[in-house]
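A.B. asks: Below is the file target_13.cif, with mmCIF, N, CA and C atoms.
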data_my_file
loop_
_atom_site.label_atom_id
_atom_site.label_comp_id
_atom_site.auth_asym_id
_atom_site.auth_seq_id
_atom_site.Cartn_x
_atom_site.Cartn_y
_atom_site.Cartn_z
N MET A 21 11.51 -7.26 65.52
CA MET A 21 10.32 -7.79 64.90
C MET A 21 10.43 -9.31 64.83
N SER A 22 9.38 -10.01 65.25
CA SER A 22 9.43 -11.47 65.23
C SER A 22 9.10 -12.00 63.84
N LYS A 23 9.49 -13.23 63.62
CA LYS A 23 9.28 -13.86 62.31
C LYS A 23 7.78 -13.98 62.02
N GLY A 24 7.38 -13.47 60.87
CA GLY A 24 5.98 -13.55 60.47
C GLY A 24 5.09 -12.46 61.01
N GLU A 25 5.68 -11.45 61.60
CA GLU A 25 4.87 -10.39 62.22
C GLU A 25 4.05 -9.61 61.19
N ILE A 26 4.64 -9.31 60.05
CA ILE A 26 3.91 -8.57 59.02
C ILE A 26 2.73 -9.41 58.52
N ALA A 27 2.98 -10.67 58.23
CA ALA A 27 1.92 -11.56 57.77
C ALA A 27 0.83 -11.70 58.83
N GLU A 28 1.24 -11.80 60.08
CA GLU A 28 0.25 -11.91 61.16
C GLU A 28 -0.66 -10.69 61.20
N ARG A 29 -0.07 -9.52 61.10
CA ARG A 29 -0.87 -8.29 61.12
C ARG A 29 -1.84 -8.23 59.94
N VAL A 30 -1.35 -8.60 58.76
CA VAL A 30 -2.18 -8.56 57.55
C VAL A 30 -3.36 -9.52 57.68
N VAL A 31 -3.07 -10.77 58.06
CA VAL A 31 -4.13 -11.77 58.18
C VAL A 31 -5.13 -11.38 59.25
N ARG A 32 -4.64 -10.93 60.40
CA ARG A 32 -5.54 -10.53 61.49
C ARG A 32 -6.47 -9.39 61.04
N TYR A 33 -5.91 -8.41 60.36
CA TYR A 33 -6.71 -7.27 59.92
C TYR A 33 -7.79 -7.71 58.92
N VAL A 34 -7.39 -8.46 57.90
CA VAL A 34 -8.34 -8.86 56.86
C VAL A 34 -9.45 -9.73 57.44
N VAL A 35 -9.09 -10.72 58.23
CA VAL A 35 -10.10 -11.62 58.80
C VAL A 35 -11.03 -10.84 59.74
N SER A 36 -10.48 -9.95 60.55
CA SER A 36 -11.31 -9.17 61.48
C SER A 36 -12.30 -8.27 60.76
N GLU A 37 -11.93 -7.79 59.58
CA GLU A 37 -12.82 -6.92 58.82
C GLU A 37 -13.93 -7.71 58.12
N ILE A 38 -13.71 -8.98 57.86
CA ILE A 38 -14.69 -9.81 57.15
C ILE A 38 -15.78 -10.34 58.07
N VAL A 39 -15.41 -10.71 59.28
CA VAL A 39 -16.33 -11.42 60.18
C VAL A 39 -17.29 -10.48 60.91
N ASP A 40 -18.37 -11.08 61.43
CA ASP A 40 -19.34 -10.33 62.24
C ASP A 40 -18.87 -10.17 63.68
N GLU A 41 -18.05 -11.12 64.15
CA GLU A 41 -17.57 -11.10 65.53
C GLU A 41 -16.03 -11.00 65.55
N PRO A 42 -15.49 -9.79 65.33
CA PRO A 42 -14.03 -9.66 65.27
C PRO A 42 -13.33 -10.00 66.59
N ASP A 43 -14.03 -9.87 67.70
CA ASP A 43 -13.42 -10.19 69.00
C ASP A 43 -13.18 -11.70 69.16
N ALA A 44 -13.87 -12.51 68.35
CA ALA A 44 -13.72 -13.96 68.45
C ALA A 44 -12.57 -14.48 67.58
N VAL A 45 -11.95 -13.61 66.79
CA VAL A 45 -10.86 -14.04 65.91
C VAL A 45 -9.62 -14.35 66.74
N GLU A 46 -9.08 -15.54 66.53
CA GLU A 46 -7.83 -15.95 67.18
C GLU A 46 -6.84 -16.30 66.09
N LEU A 47 -5.63 -15.78 66.20
CA LEU A 47 -4.60 -16.06 65.21
C LEU A 47 -3.31 -16.39 65.93
N GLU A 48 -2.75 -17.52 65.57
CA GLU A 48 -1.48 -17.93 66.18
C GLU A 48 -0.49 -18.24 65.07
N MET A 49 0.68 -17.65 65.17
CA MET A 49 1.75 -17.93 64.21
C MET A 49 2.60 -19.07 64.77
N VAL A 50 2.73 -20.14 63.99
CA VAL A 50 3.48 -21.32 64.41
C VAL A 50 4.73 -21.42 63.53
N ASP A 51 5.89 -21.52 64.19
CA ASP A 51 7.15 -21.66 63.47
C ASP A 51 7.15 -23.01 62.77
N ASP A 52 7.42 -23.00 61.47
CA ASP A 52 7.37 -24.23 60.69
C ASP A 52 8.68 -24.46 59.96
N GLY A 53 9.78 -24.19 60.65
CA GLY A 53 11.09 -24.36 60.04
C GLY A 53 11.81 -23.02 59.98
N GLU A 54 12.99 -23.06 59.41
CA GLU A 54 13.84 -21.87 59.40
C GLU A 54 13.24 -20.71 58.62
N ASP A 55 12.67 -21.00 57.46
CA ASP A 55 12.17 -19.94 56.59
C ASP A 55 10.68 -20.03 56.31
N SER A 56 9.92 -20.58 57.25
CA SER A 56 8.48 -20.68 57.02
C SER A 56 7.71 -20.61 58.33
N ALA A 57 6.45 -20.22 58.20
CA ALA A 57 5.55 -20.12 59.35
C ALA A 57 4.14 -20.46 58.90
N VAL A 58 3.31 -20.85 59.86
CA VAL A 58 1.91 -21.17 59.58
C VAL A 58 1.05 -20.26 60.45
N ALA A 59 0.10 -19.58 59.81
CA ALA A 59 -0.87 -18.76 60.54
C ALA A 59 -2.11 -19.62 60.76
N GLU A 60 -2.41 -19.93 62.02
CA GLU A 60 -3.60 -20.72 62.34
C GLU A 60 -4.71 -19.76 62.75
N VAL A 61 -5.78 -19.76 61.98
CA VAL A 61 -6.87 -18.81 62.19
C VAL A 61 -8.09 -19.53 62.71
N ARG A 62 -8.66 -19.00 63.79
CA ARG A 62 -9.91 -19.51 64.33
C ARG A 62 -10.89 -18.35 64.43
N THR A 63 -12.15 -18.62 64.08
CA THR A 63 -13.20 -17.60 64.19
C THR A 63 -14.40 -18.23 64.88
N ALA A 64 -15.42 -17.40 65.14
CA ALA A 64 -16.67 -17.95 65.63
C ALA A 64 -17.23 -18.88 64.56
N LYS A 65 -17.91 -19.94 64.97
CA LYS A 65 -18.42 -20.92 64.00
C LYS A 65 -19.28 -20.25 62.93
N SER A 66 -20.07 -19.26 63.32
CA SER A 66 -20.95 -18.59 62.37
C SER A 66 -20.19 -17.76 61.34
N ASP A 67 -18.94 -17.43 61.61
CA ASP A 67 -18.15 -16.61 60.70
C ASP A 67 -17.23 -17.40 59.78
N MET A 68 -17.05 -18.68 60.03
CA MET A 68 -16.08 -19.46 59.24
C MET A 68 -16.46 -19.48 57.76
N GLY A 69 -17.74 -19.55 57.46
CA GLY A 69 -18.18 -19.54 56.07
C GLY A 69 -17.81 -18.24 55.36
N ARG A 70 -17.90 -17.13 56.07
CA ARG A 70 -17.51 -15.84 55.49
C ARG A 70 -16.02 -15.81 55.16
N VAL A 71 -15.22 -16.38 56.04
CA VAL A 71 -13.77 -16.36 55.87
C VAL A 71 -13.34 -17.28 54.73
N ILE A 72 -14.03 -18.39 54.56
CA ILE A 72 -13.68 -19.32 53.49
C ILE A 72 -14.26 -18.85 52.16
N GLY A 73 -15.49 -18.37 52.17
CA GLY A 73 -16.10 -17.84 50.96
C GLY A 73 -16.58 -18.92 50.01
N ARG A 74 -17.26 -18.49 48.96
CA ARG A 74 -17.76 -19.44 47.97
C ARG A 74 -16.59 -20.07 47.23
N ARG A 75 -16.61 -21.38 47.20
CA ARG A 75 -15.57 -22.16 46.53
C ARG A 75 -14.16 -21.82 47.05
N GLY A 76 -14.09 -21.29 48.28
CA GLY A 76 -12.79 -21.01 48.88
C GLY A 76 -12.09 -19.77 48.35
N ARG A 77 -12.83 -18.92 47.66
CA ARG A 77 -12.21 -17.75 47.04
C ARG A 77 -11.64 -16.77 48.06
N VAL A 78 -12.36 -16.51 49.14
CA VAL A 78 -11.88 -15.57 50.15
C VAL A 78 -10.65 -16.15 50.85
N ALA A 79 -10.72 -17.44 51.18
CA ALA A 79 -9.58 -18.10 51.83
C ALA A 79 -8.35 -18.04 50.92
N ARG A 80 -8.55 -18.26 49.64
CA ARG A 80 -7.44 -18.21 48.68
C ARG A 80 -6.84 -16.80 48.63
N ALA A 81 -7.70 -15.79 48.67
CA ALA A 81 -7.22 -14.41 48.65
C ALA A 81 -6.43 -14.08 49.92
N ILE A 82 -6.91 -14.56 51.06
CA ILE A 82 -6.19 -14.33 52.32
C ILE A 82 -4.83 -15.02 52.28
N ARG A 83 -4.79 -16.22 51.74
CA ARG A 83 -3.51 -16.94 51.63
C ARG A 83 -2.54 -16.19 50.71
N THR A 84 -3.07 -15.61 49.63
CA THR A 84 -2.23 -14.84 48.71
C THR A 84 -1.64 -13.62 49.40
N LEU A 85 -2.48 -12.90 50.16
CA LEU A 85 -2.00 -11.74 50.90
C LEU A 85 -0.95 -12.14 51.94
N ALA A 86 -1.19 -13.24 52.63
CA ALA A 86 -0.23 -13.70 53.65
C ALA A 86 1.09 -14.07 52.98
N GLY A 87 1.02 -14.70 51.82
CA GLY A 87 2.23 -15.06 51.10
C GLY A 87 3.02 -13.83 50.68
N ALA A 88 2.32 -12.81 50.21
CA ALA A 88 2.99 -11.56 49.82
C ALA A 88 3.62 -10.88 51.02
N ALA A 89 2.93 -10.90 52.16
CA ALA A 89 3.48 -10.31 53.38
C ALA A 89 4.70 -11.09 53.84
N GLY A 90 4.65 -12.41 53.70
CA GLY A 90 5.79 -13.24 54.06
C GLY A 90 6.98 -12.97 53.17
N ASP A 91 6.73 -12.69 51.90
CA ASP A 91 7.81 -12.36 50.97
C ASP A 91 8.57 -11.12 51.43
N GLU A 92 7.85 -10.18 52.04
CA GLU A 92 8.50 -8.97 52.56
C GLU A 92 9.53 -9.31 53.64
N GLU A 93 9.26 -10.40 54.37
CA GLU A 93 10.15 -10.83 55.45
C GLU A 93 11.11 -11.93 55.02
N GLY A 94 10.94 -12.40 53.79
CA GLY A 94 11.80 -13.46 53.30
C GLY A 94 11.44 -14.84 53.82
N ILE A 95 10.15 -15.03 54.16
CA ILE A 95 9.72 -16.34 54.64
C ILE A 95 8.49 -16.80 53.86
N ASP A 96 8.22 -18.09 53.92
CA ASP A 96 7.03 -18.67 53.31
C ASP A 96 5.96 -18.77 54.39
N VAL A 97 4.79 -18.20 54.13
CA VAL A 97 3.71 -18.21 55.12
C VAL A 97 2.52 -18.99 54.56
N GLN A 98 2.06 -19.96 55.31
CA GLN A 98 0.87 -20.73 54.98
C GLN A 98 -0.24 -20.30 55.95
N VAL A 99 -1.49 -20.42 55.52
CA VAL A 99 -2.62 -20.06 56.38
C VAL A 99 -3.52 -21.28 56.49
N GLU A 100 -3.87 -21.64 57.72
CA GLU A 100 -4.81 -22.73 57.98
C GLU A 100 -6.00 -22.17 58.73
N PHE A 101 -7.20 -22.54 58.29
CA PHE A 101 -8.43 -22.11 58.95
C PHE A 101 -8.94 -23.27 59.77
N LEU A 102 -8.95 -23.11 61.08
CA LEU A 102 -9.32 -24.18 62.00
C LEU A 102 -10.64 -23.87 62.67
N ASP A 103 -11.39 -24.93 62.96
CA ASP A 103 -12.65 -24.73 63.69
C ASP A 103 -12.61 -25.35 65.05
#
Go ahead and render the structure in this file as structure tokens.

C.D. replies:
Amino acid sequence: MSKGEIAERVVRYVVSEIVDEPDAVELEMVDDGEDSAVAEVRTAKSDMGRVIGRRGRVARAIRTLAGAAGDEEGIDVQVEFLD
């Protein structure tokens, strides 16, 4: 299992379920040091608002889930939403 695989699966699943165009979801895990990784999430432009949510609540929830998944692997996982 590669570093951040659990977090990647969790983030990909949650984001794909939220958006209208799940086929447009792109997720790349970037190694950010020995014990950390960054999940870079891209969606269709029309779906980015759904993923971020009002006042960033959905984005915050996704980051919390990714952090919990990273804890299972013993790493720190950050999530960045890119357009």

A.B. asks: Can you turn the PyMOL selection byres ((chain A and resi 55) around 5) into a concrete residue list for this file, as a PDB file with N, CA and C atoms, in the coordinates of the input?

C.D. replies:
ATOM      1  N   GLY A  53       9.780 -24.190  60.650  1.00  0.00           N
ATOM      2  CA  GLY A  53      11.090 -24.360  60.040  1.00  0.00           C
ATOM      3  C   GLY A  53      11.810 -23.020  59.980  1.00  0.00           C
ATOM      4  N   GLU A  54      12.990 -23.060  59.410  1.00  0.00           N
ATOM      5  CA  GLU A  54      13.840 -21.870  59.400  1.00  0.00           C
ATOM      6  C   GLU A  54      13.240 -20.710  58.620  1.00  0.00           C
ATOM      7  N   SER A  56       9.920 -20.580  57.250  1.00  0.00           N
ATOM      8  CA  SER A  56       8.480 -20.680  57.020  1.00  0.00           C
ATOM      9  C   SER A  56       7.710 -20.610  58.330  1.00  0.00           C
ATOM     10  N   ALA A  57       6.450 -20.220  58.200  1.00  0.00           N
ATOM     11  CA  ALA A  57       5.550 -20.120  59.350  1.00  0.00           C
ATOM     12  C   ALA A  57       4.140 -20.460  58.900  1.00  0.00           C
ATOM     13  N   ILE A  95      10.150 -15.030  54.160  1.00  0.00           N
ATOM     14  CA  ILE A  95       9.720 -16.340  54.640  1.00  0.00           C
ATOM     15  C   ILE A  95       8.490 -16.800  53.860  1.00  0.00           C
ATOM     16  N   ASP A  96       8.220 -18.090  53.920  1.00  0.00           N
ATOM     17  CA  ASP A  96       7.030 -18.670  53.310  1.00  0.00           C
ATOM     18  C   ASP A  96       5.960 -18.770  54.390  1.00  0.00           C
TER      19      ASP A  96
END

A.B. asks: Could you expand the PyMOL selection byres ((chain A and resi 65-69) around 7) into the explicit residues it covers here, written as a PyMOL selection string?

C.D. replies: chain A and resi 39-41+63-64+70-74+103

A.B. asks: Could you check how far CA of Lys23 (chain A) sits from CA of Glu46 (chain A), in Å to one decimal?

C.D. replies: 17.9 Å

A.B. asks: Applying the PyMOL selection byres ((chain A and resi 27) around 8) to the file I just gave you, which residues come out? Please list them as a list of chain:residue names.

C.D. replies: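 The output of the PyMOL selection byres ((chain A and resi 27) around 8) on this file is A:Lys23, A:Gly24, A:Glu25, A:Ile26, A:Glu28, A:Arg29, A:Val30, A:Val31, A:Arg32, A:Tyr33, A:Ala59, A:Leu85, A:Ala86, A:Gly87, A:Ala88, A:Ala89, A:Gly90, A:Asp91, A:Glu92, A:Glu93, A:Val97.
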
A.B. asks: Around the point (-8.9, -17.9, 63.3) in the file's coordinates, collect all residues with an atom within 8 Å, using only C-alpha atoms, and return them as a ChimeraX atom specification.

C.D. replies: /A:35,45-48,60-63,101-103
